[in-house]
Every structure is written in C-alpha cells, then in structure tokens.
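So the structure is just underneath, and the comments pick up after that.
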Amino acid sequence: MPKLLQITAIHPDAQARLAAGYELIHAELPQLDADWLARHGSDVEGVVTGGHLGLPAGVMTALPRLRVIAINGVGFDKVDLDLARSRGVRVTNTPDVLTDDVADLAVGLTLALLRRLPQADAYVRAGRWLSAEMPLATKLTGKRIGIFGLGRIGRAAARRFGGFTDQIAYADVVRYDVPFAWHPDPVSLAGASDVLVICAAASADTRRIIGAPVFDALGPSGVLVNVARGSIVDESALVAALQAGRLGGAALDVFEDEPNVPAALVGMDNVVVTPHIASATNETRRAMGDLMIDNIDAVFSGARIPTAVV
Ligand code: 8YV
C-alpha cells in the first residue's frame, strides 16, 4: 500500500476509506522539522492536506518519493505549484462540491451581522428579553451587494443574494457576460456596495488587496464579509477602520493567521467571527473527502485525475 502523510483531519467516512487503501502516517505541520523529515521523509509518497494548510516548500523538497499533494479543499494558495511541477508532483483539490456551502455561509454571515443574530441569541439566553425589547438592526433586502471574485463561489453567492436584492455588482479581473454590473477593482466596487463579499481566490495578486481605500469606499454604513482567505484582507487596516468607525462592520470566517483571531476583532460588537467553517458540514466534508481520495486513487492507478490543479 502506498504511504501517505496525513496532516489534516478529514470526514470520518472518508478517513475509513483512506485507511483501507493506504498506509497512513499522521503528523501535524509543526512536527515536520528536519529531524522528522530525515527519519520519515523518504517513506512518503503522498500528502493529505487542507486548503488552509497546504504544504511548505521546504517539506515538499524533503519528500523525494512524493507523487501527489491531495488538498481536502478548493484553495491551493499554500502550495508552491511551480515547485510541484518541477518535481513531477501532482496537486489535486476539491472544487464544486463545497461551492454551495461557502455561498450559503456568505449569506448566513451577512444576515448574522446585519440582523445581529449572535447578539439576539445571547440576549434571550441572558434573560434580557424579560425586561426590554432588543435594539433595532439593519435590513438586508434591497441592499447593494458587491461580490469580489466572480468564480464558482462568487456566482453561487450572487445567485443567493439575488433572492434579497436586484442590486448586485462584482469586481474581477475577467469581465463576464452576466447580469451584474462589473467594476474593474475592489475600491470602485466598494463605492457602489453596502455589503462587500470576498469570494476571490488567494494569490500574490490578491494579497491584502482589501485594505484602507476599500474600507473608506464602503464607509461607515458599509460592511465586509469574507468567506475566501484571510490573506486577501489587510487585517490591521480592517481593525483600524472598524475602531475609527470608518467601516460599519465585518463578518469573517477566515483570518490572516488562523486559528489566531486578533483580540481587537473579538472585542467588537459590530463584528461576527466564525472559525473557518464555510465548508464544514457533514454532507460537504464527506463529498470533499471522497473526491480527494478519488484523486489520490487516480494518481496511484494511473487513471485520469478527476480534479487536478497540477
Ligand atoms: C477548508 C478551505 O477549511 O476549501 C478550502 O480551500 O479553506 C476549506 O474548505 C479546508 O480546506 C478543509 O480541509
């Protein structure tokens, strides 16, 4: 049986299927130091990782028999694709099967932020409803929604927000034939949006592209929603804009240095934070695990790889 280094947890059903076909070496990223790699590196023929983890270049180069990096996720921003190509290592991901969940969460976070659902829940639990009505919140229906990144997830989010408003715009490097207004950059999009939803893929081009000028364009009644990657947002500029009241609020599933969330964000009442759960449903994580294993099976059997990145 081929030997796989597994550095992320996957759905229990997928885990059972993986264990039946492969010899698994479990480790966490911080354990993979020079010592570990010297002892086990030459055994590893495949790596099972998450989109949020990827595989450091130094680890990839210390695995001489590596044939595949299988990502249990759609994002491949944490894998050096050129390095993989140059070493003849295949890289696979799990697109499509998680699109619905991520788009669902974009709507859920927007509603949670505008309608203050976490506060409302806490209000009832604390018995405060017994003495006073909760303060009023903000309406979603009719608001202007800006989608940054109109790929699969951005489109799915746009379809869902279409149930709340006909004012949907997007910014993307590509101008698509879609019934939404196109903006060439996120600042221009933010200026035309009440809710800016980040759905773009992380890359060197999108790194910290959502910064102070975007927050200023959104303004004190605008809000930011991020279900993509923390690296796309300039987190300290976000904290500064929120603290100064220059931005109305933020709902974030992803952060620059997960699982560390800046204390300043956690302390703010106009911020909703979730622990990178956009694809974290039973149904979707099972489907992601299955697709990831289909990819690995294909690499080792020589069949066509269902969803190869490299
Ligand atoms: C997961 C993700 O958190 O798909 C991605 O790129 O970030 C998420 O779906 C992760 O990859 C689960 O392993």
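By convention in this document, the chains of the structure tokens carry letters A, B, ... by their order, each chain's residues are numbered from 1, and ligands are numbered from 1 in the order they are shown.
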
Environment of ligand 1 within 10 Å, counting only C-alpha atoms and all ligand atoms, reported as a PDB file with N, CA and C atoms, in the first residue's frame:
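Wrote it out as pocket_17.pdb, contents follow:
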```pdb
ATOM      1  N   ILE A   7      -1.785  15.338   7.211  1.00  0.00           N
ATOM      2  CA  ILE A   7      -1.567  16.439   8.164  1.00  0.00           C
ATOM      3  C   ILE A   7      -2.857  17.193   8.475  1.00  0.00           C
ATOM      4  N   THR A   8      -3.996  16.661   8.007  1.00  0.00           N
ATOM      5  CA  THR A   8      -5.265  17.309   8.332  1.00  0.00           C
ATOM      6  C   THR A   8      -6.307  16.247   8.625  1.00  0.00           C
ATOM      7  N   ALA A   9      -7.289  16.606   9.437  1.00  0.00           N
ATOM      8  CA  ALA A   9      -8.408  15.684   9.691  1.00  0.00           C
ATOM      9  C   ALA A   9      -9.363  15.750   8.508  1.00  0.00           C
ATOM     10  N   ILE A  10      -9.955  14.615   8.164  1.00  0.00           N
ATOM     11  CA  ILE A  10     -10.968  14.596   7.104  1.00  0.00           C
ATOM     12  C   ILE A  10     -12.229  13.932   7.661  1.00  0.00           C
ATOM     13  N   HIS A  11     -13.291  13.915   6.875  1.00  0.00           N
ATOM     14  CA  HIS A  11     -14.554  13.334   7.348  1.00  0.00           C
ATOM     15  C   HIS A  11     -14.341  11.867   7.763  1.00  0.00           C
ATOM     16  N   VAL A  48      -1.760  14.252   2.373  1.00  0.00           N
ATOM     17  CA  VAL A  48      -3.160  14.647   2.507  1.00  0.00           C
ATOM     18  C   VAL A  48      -3.183  15.904   3.367  1.00  0.00           C
ATOM     19  N   THR A  49      -3.648  17.008   2.779  1.00  0.00           N
ATOM     20  CA  THR A  49      -3.616  18.275   3.498  1.00  0.00           C
ATOM     21  C   THR A  49      -4.910  19.054   3.287  1.00  0.00           C
ATOM     22  N   GLY A  50      -5.037  20.179   3.977  1.00  0.00           N
ATOM     23  CA  GLY A  50      -6.219  21.026   3.820  1.00  0.00           C
ATOM     24  C   GLY A  50      -5.872  22.278   3.033  1.00  0.00           C
ATOM     25  N   GLY A  51      -6.883  22.945   2.510  1.00  0.00           N
ATOM     26  CA  GLY A  51      -6.649  24.185   1.769  1.00  0.00           C
ATOM     27  C   GLY A  51      -6.005  25.239   2.644  1.00  0.00           C
ATOM     28  N   HIS A  52      -6.369  25.236   3.927  1.00  0.00           N
ATOM     29  CA  HIS A  52      -5.843  26.241   4.850  1.00  0.00           C
ATOM     30  C   HIS A  52      -4.399  25.932   5.271  1.00  0.00           C
ATOM     31  N   LEU A  53      -3.923  24.701   5.000  1.00  0.00           N
ATOM     32  CA  LEU A  53      -2.576  24.296   5.419  1.00  0.00           C
ATOM     33  C   LEU A  53      -1.606  24.229   4.249  1.00  0.00           C
ATOM     34  N   GLY A  54      -2.046  23.626   3.159  1.00  0.00           N
ATOM     35  CA  GLY A  54      -1.150  23.411   2.027  1.00  0.00           C
ATOM     36  C   GLY A  54       0.043  22.572   2.435  1.00  0.00           C
ATOM     37  N   ILE A  71      -5.247  17.989  -1.755  1.00  0.00           N
ATOM     38  CA  ILE A  71      -5.833  19.008  -0.875  1.00  0.00           C
ATOM     39  C   ILE A  71      -7.305  18.685  -0.640  1.00  0.00           C
ATOM     40  N   ASN A  72      -7.673  18.620   0.630  1.00  0.00           N
ATOM     41  CA  ASN A  72      -9.076  18.424   1.006  1.00  0.00           C
ATOM     42  C   ASN A  72      -9.712  19.817   1.096  1.00  0.00           C
ATOM     43  N   GLY A  73      -9.840  20.459  -0.036  1.00  0.00           N
ATOM     44  CA  GLY A  73     -10.324  21.839  -0.088  1.00  0.00           C
ATOM     45  C   GLY A  73     -10.110  22.362  -1.492  1.00  0.00           C
ATOM     46  N   VAL A  74     -10.667  23.549  -1.771  1.00  0.00           N
ATOM     47  CA  VAL A  74     -10.539  24.094  -3.131  1.00  0.00           C
ATOM     48  C   VAL A  74      -9.305  24.971  -3.272  1.00  0.00           C
ATOM     49  N   GLY A  75      -8.894  25.647  -2.197  1.00  0.00           N
ATOM     50  CA  GLY A  75      -7.793  26.611  -2.286  1.00  0.00           C
ATOM     51  C   GLY A  75      -6.440  25.920  -2.360  1.00  0.00           C
ATOM     52  N   PHE A  76      -5.601  26.381  -3.292  1.00  0.00           N
ATOM     53  CA  PHE A  76      -4.248  25.794  -3.406  1.00  0.00           C
ATOM     54  C   PHE A  76      -3.181  26.870  -3.226  1.00  0.00           C
ATOM     55  N   ASP A  77      -3.578  27.956  -2.537  1.00  0.00           N
ATOM     56  CA  ASP A  77      -2.669  29.081  -2.349  1.00  0.00           C
ATOM     57  C   ASP A  77      -1.490  28.754  -1.441  1.00  0.00           C
ATOM     58  N   LYS A  78      -1.579  27.689  -0.678  1.00  0.00           N
ATOM     59  CA  LYS A  78      -0.465  27.370   0.231  1.00  0.00           C
ATOM     60  C   LYS A  78       0.393  26.226  -0.285  1.00  0.00           C
ATOM     61  N   ASN A  93      -7.261  19.175  -5.877  1.00  0.00           N
ATOM     62  CA  ASN A  93      -8.109  19.891  -4.914  1.00  0.00           C
ATOM     63  C   ASN A  93      -9.547  19.386  -5.028  1.00  0.00           C
ATOM     64  N   THR A  94     -10.476  20.008  -4.309  1.00  0.00           N
ATOM     65  CA  THR A  94     -11.868  19.522  -4.329  1.00  0.00           C
ATOM     66  C   THR A  94     -12.835  20.670  -4.658  1.00  0.00           C
ATOM     67  N   PRO A  95     -12.820  21.135  -5.907  1.00  0.00           N
ATOM     68  CA  PRO A  95     -13.744  22.210  -6.273  1.00  0.00           C
ATOM     69  C   PRO A  95     -15.186  21.707  -6.395  1.00  0.00           C
ATOM     70  N   ASP A  96     -16.099  22.608  -6.612  1.00  0.00           N
ATOM     71  CA  ASP A  96     -17.523  22.347  -6.886  1.00  0.00           C
ATOM     72  C   ASP A  96     -18.293  21.775  -5.690  1.00  0.00           C
ATOM     73  N   VAL A  97     -17.766  20.690  -5.077  1.00  0.00           N
ATOM     74  CA  VAL A  97     -18.555  20.028  -4.026  1.00  0.00           C
ATOM     75  C   VAL A  97     -18.765  20.930  -2.801  1.00  0.00           C
ATOM     76  N   LEU A  98     -17.939  21.977  -2.646  1.00  0.00           N
ATOM     77  CA  LEU A  98     -18.102  22.845  -1.481  1.00  0.00           C
ATOM     78  C   LEU A  98     -18.704  24.212  -1.818  1.00  0.00           C
ATOM     79  N   THR A  99     -18.953  24.446  -3.103  1.00  0.00           N
ATOM     80  CA  THR A  99     -19.426  25.768  -3.539  1.00  0.00           C
ATOM     81  C   THR A  99     -20.701  26.206  -2.810  1.00  0.00           C
ATOM     82  N   ASP A 101     -21.995  25.307   0.069  1.00  0.00           N
ATOM     83  CA  ASP A 101     -21.825  25.608   1.497  1.00  0.00           C
ATOM     84  C   ASP A 101     -21.151  26.956   1.726  1.00  0.00           C
ATOM     85  N   VAL A 102     -20.148  27.254   0.924  1.00  0.00           N
ATOM     86  CA  VAL A 102     -19.419  28.511   1.126  1.00  0.00           C
ATOM     87  C   VAL A 102     -20.342  29.694   0.792  1.00  0.00           C
ATOM     88  N   ALA A 201     -10.085  33.973  -5.075  1.00  0.00           N
ATOM     89  CA  ALA A 201      -9.020  33.034  -4.696  1.00  0.00           C
ATOM     90  C   ALA A 201      -7.829  33.836  -4.184  1.00  0.00           C
ATOM     91  N   ALA A 202      -7.122  33.258  -3.208  1.00  0.00           N
ATOM     92  CA  ALA A 202      -5.922  33.929  -2.698  1.00  0.00           C
ATOM     93  C   ALA A 202      -4.770  33.704  -3.662  1.00  0.00           C
ATOM     94  N   VAL A 227     -15.460  35.104   3.110  1.00  0.00           N
ATOM     95  CA  VAL A 227     -15.531  33.631   3.178  1.00  0.00           C
ATOM     96  C   VAL A 227     -14.439  33.022   2.305  1.00  0.00           C
ATOM     97  N   ALA A 228     -13.429  33.836   1.938  1.00  0.00           N
ATOM     98  CA  ALA A 228     -12.405  33.355   0.995  1.00  0.00           C
ATOM     99  C   ALA A 228     -11.113  32.995   1.730  1.00  0.00           C
ATOM    100  N   ARG A 229     -10.230  33.952   1.895  1.00  0.00           N
ATOM    101  CA  ARG A 229      -8.965  33.745   2.603  1.00  0.00           C
ATOM    102  C   ARG A 229      -8.615  35.000   3.381  1.00  0.00           C
ATOM    103  N   ASP A 253     -15.040  34.643   8.272  1.00  0.00           N
ATOM    104  CA  ASP A 253     -14.845  33.201   8.518  1.00  0.00           C
ATOM    105  C   ASP A 253     -13.367  32.834   8.416  1.00  0.00           C
ATOM    106  N   VAL A 254     -12.570  33.760   7.894  1.00  0.00           N
ATOM    107  CA  VAL A 254     -11.149  33.470   7.625  1.00  0.00           C
ATOM    108  C   VAL A 254     -10.286  34.631   8.109  1.00  0.00           C
ATOM    109  N   PRO A 275     -15.020  30.149  12.923  1.00  0.00           N
ATOM    110  CA  PRO A 275     -13.708  29.504  12.796  1.00  0.00           C
ATOM    111  C   PRO A 275     -13.501  28.733  11.481  1.00  0.00           C
ATOM    112  N   HIS A 276     -13.470  29.431  10.358  1.00  0.00           N
ATOM    113  CA  HIS A 276     -13.224  28.825   9.039  1.00  0.00           C
ATOM    114  C   HIS A 276     -14.111  27.580   8.836  1.00  0.00           C
ATOM    115  N   ILE A 277     -15.422  27.819   8.891  1.00  0.00           N
ATOM    116  CA  ILE A 277     -16.384  26.708   8.816  1.00  0.00           C
ATOM    117  C   ILE A 277     -17.151  26.667   7.507  1.00  0.00           C
ATOM    118  N   ALA A 278     -16.751  27.471   6.514  1.00  0.00           N
ATOM    119  CA  ALA A 278     -17.594  27.594   5.318  1.00  0.00           C
ATOM    120  C   ALA A 278     -17.919  26.251   4.669  1.00  0.00           C
ATOM    121  N   SER A 279     -16.966  25.317   4.645  1.00  0.00           N
ATOM    122  CA  SER A 279     -17.250  24.011   4.015  1.00  0.00           C
ATOM    123  C   SER A 279     -17.539  22.932   5.060  1.00  0.00           C
ATOM    124  N   ALA A 280     -17.694  23.357   6.309  1.00  0.00           N
ATOM    125  CA  ALA A 280     -17.728  22.368   7.401  1.00  0.00           C
ATOM    126  C   ALA A 280     -19.129  21.837   7.707  1.00  0.00           C
ATOM    127  N   THR A 284     -20.916  18.044   2.957  1.00  0.00           N
ATOM    128  CA  THR A 284     -19.853  18.570   2.088  1.00  0.00           C
ATOM    129  C   THR A 284     -18.491  17.997   2.436  1.00  0.00           C
ATOM    130  N   ARG A 285     -18.185  17.885   3.726  1.00  0.00           N
ATOM    131  CA  ARG A 285     -16.869  17.333   4.077  1.00  0.00           C
ATOM    132  C   ARG A 285     -16.775  15.858   3.640  1.00  0.00           C
ATOM    133  N   MET A 288     -16.107  16.119  -0.091  1.00  0.00           N
ATOM    134  CA  MET A 288     -14.725  16.579  -0.308  1.00  0.00           C
ATOM    135  C   MET A 288     -13.748  15.427  -0.089  1.00  0.00           C
ATOM    136  N   GLY A 289     -13.966  14.672   0.999  1.00  0.00           N
ATOM    137  CA  GLY A 289     -13.084  13.542   1.307  1.00  0.00           C
ATOM    138  C   GLY A 289     -13.116  12.511   0.195  1.00  0.00           C
TER     139      GLY A 289
END
```

query = Which residues, written as an MDAnalysis selection string, have at least one atom at most 8 Å from region 256-270 of chain A, with only C-alpha atoms counted and residues fewer than 4 positions away on the same chain left out?
reply = chainID A and resid 113 229:231 233 235 239 248:250 275

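Using only C-alpha atoms, the shortest contact distance between Val273 (chain A) and any of A:Val44, A:Val223, A:Ala112, A:Ala27 is found at A:Ala112.
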
inquiry  = Calculated over only C-alpha atoms, which of the candidates A:Ala14, A:Leu130, A:Val214, A:Leu4 has the smallest distance to Ala287 (chain A)?
reply    =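 Selected residue with least distance to Ala287 (chain A): A:Ala14.
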
Using only C-alpha atoms, which residues of region 84-152 of chain A come within 8 Å of region 184-198 of chain A, and what is the closest atom pair for each, with the distance in Å to one decimal? Give it as a tab-separated table, sorted by chain and residue number.
```
residue	atom	partner	partner_atom	distance
A:Ala106	CA	A:Val197	CA	7.2
A:Thr110	CA	A:Val195	CA	7.9
A:Lys143	CA	A:Asp194	CA	6.1
A:Arg144	CA	A:Ser193	CA	4.9
A:Ile145	CA	A:Val195	CA	5.0
A:Gly146	CA	A:Leu196	CA	4.7
A:Ile147	CA	A:Val197	CA	4.9
A:Phe148	CA	A:Ile198	CA	4.9
A:Gly149	CA	A:Ile198	CA	6.8
```

message = To one decimal place in Å, what is the distance between CA of Leu111 (chain A) and CA of Leu242 (chain A)?
response = 18.6 Å

message = Neighbouring residues of Val91 (chain A) were defined as those with any atom within 8 Å, considering only C-alpha atoms; residues of the same chain fewer than 3 positions away were excluded. Please report them as a PyMOL selection string.
response = chain A and resi 68-71+81+84+308-310

Just-selected residues, N, CA and C atoms written as a compact mmCIF listing (two decimals), in the first residue's frame:
```txt
# COMPACT_ATOMS: atom_id res chain seq x y z
N VAL A 68 1.99 12.92 -4.99
CA VAL A 68 0.78 13.73 -5.01
C VAL A 68 0.60 14.51 -3.70
N ILE A 69 0.16 15.75 -3.86
CA ILE A 69 -0.31 16.55 -2.72
C ILE A 69 -1.81 16.68 -2.93
N ALA A 70 -2.57 15.98 -2.10
CA ALA A 70 -4.03 15.97 -2.25
C ALA A 70 -4.63 16.94 -1.24
N ILE A 71 -5.25 17.99 -1.75
CA ILE A 71 -5.83 19.01 -0.87
C ILE A 71 -7.31 18.69 -0.64
N LEU A 81 3.01 25.72 -6.64
CA LEU A 81 2.67 24.90 -7.81
C LEU A 81 3.86 24.74 -8.76
N ALA A 84 6.05 22.12 -7.37
CA ALA A 84 5.42 20.79 -7.56
C ALA A 84 5.64 20.33 -9.01
N ALA A 308 -7.44 17.75 -10.99
CA ALA A 308 -6.02 18.06 -10.82
C ALA A 308 -5.80 19.57 -10.95
N VAL A 309 -4.94 20.11 -10.11
CA VAL A 309 -4.50 21.51 -10.25
C VAL A 309 -3.21 21.51 -11.08
N VAL A 310 -2.35 20.55 -10.75
CA VAL A 310 -1.07 20.37 -11.47
C VAL A 310 -0.92 18.92 -11.84
```

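You will find CA of Pro306 (chain A) at 28.4 Å from CA of Asn226 (chain A).
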
request  = Name the residues of region 80-271 of chain A that come out as strand (DSSP E or B) in a backbone DSSP run; write them as JSON, numbers by chain.
outcome  = {"A": [90, 91, 92, 145, 146, 147, 148, 168, 169, 170, 171, 181, 182, 183, 195, 196, 197, 198, 210, 223, 224, 225, 226, 233, 249, 250, 251, 252, 257, 260, 271]}

Exercise: Val47 (chain A) partners within 12 Å, only C-alpha atoms, chain neighbours under 6 positions left out, as a ChimeraX atom specification = /A:2-8,18,22-29,41,53-56,59-60,63,65-72,79,89-92,292-293,295-296

inquiry  = So that I can see what lies close to Pro12 (chain A), please list as a PyMOL selection string the residues with an atom at most 8 Å from it, counting only C-alpha atoms and leaving out residues fewer than 3 positions away in the same chain.
reply    = chain A and resi 15-16+286

Dump as a compact mmCIF listing (two decimals), in the first residue's frame, selection limited to C-alpha atoms:
```
# COMPACT_ATOMS: atom_id res chain seq x y z
CA GLN A 15 -10.95 8.55 6.79
CA ALA A 16 -12.14 4.93 6.89
CA ARG A 286 -17.89 13.75 3.15
```

request  = Would you mind telling me which residue in A:Pro213, A:Asp177, A:Asp80, A:Asp13 lies nearest to Gly58 (chain A) when using only C-alpha atoms?
outcome  =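 Result for the nearest residue to Gly58 (chain A): A:Asp80.
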
key: Residue among A:Met134, A:Ala38, A:Ala169, A:Thr281 lying closest to Asp104 (chain A), counting only C-alpha atoms   = A:Thr281

Those in region 167-232 of chain A with alpha helix (DSSP H) from DSSP, as a list in words = Pro186, Val187, Ser188, Leu189, Ala190, Gly191, Ala212, Pro213, Val214, Phe215, Asp216, Ala217 and Leu218 of chain A

ask   = Suppose you want the space between CA of Ala157 (chain A) and CA of Ala204 (chain A); what is it in Å?
value =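 Distance reported for this atom pair: 23.6 Å.
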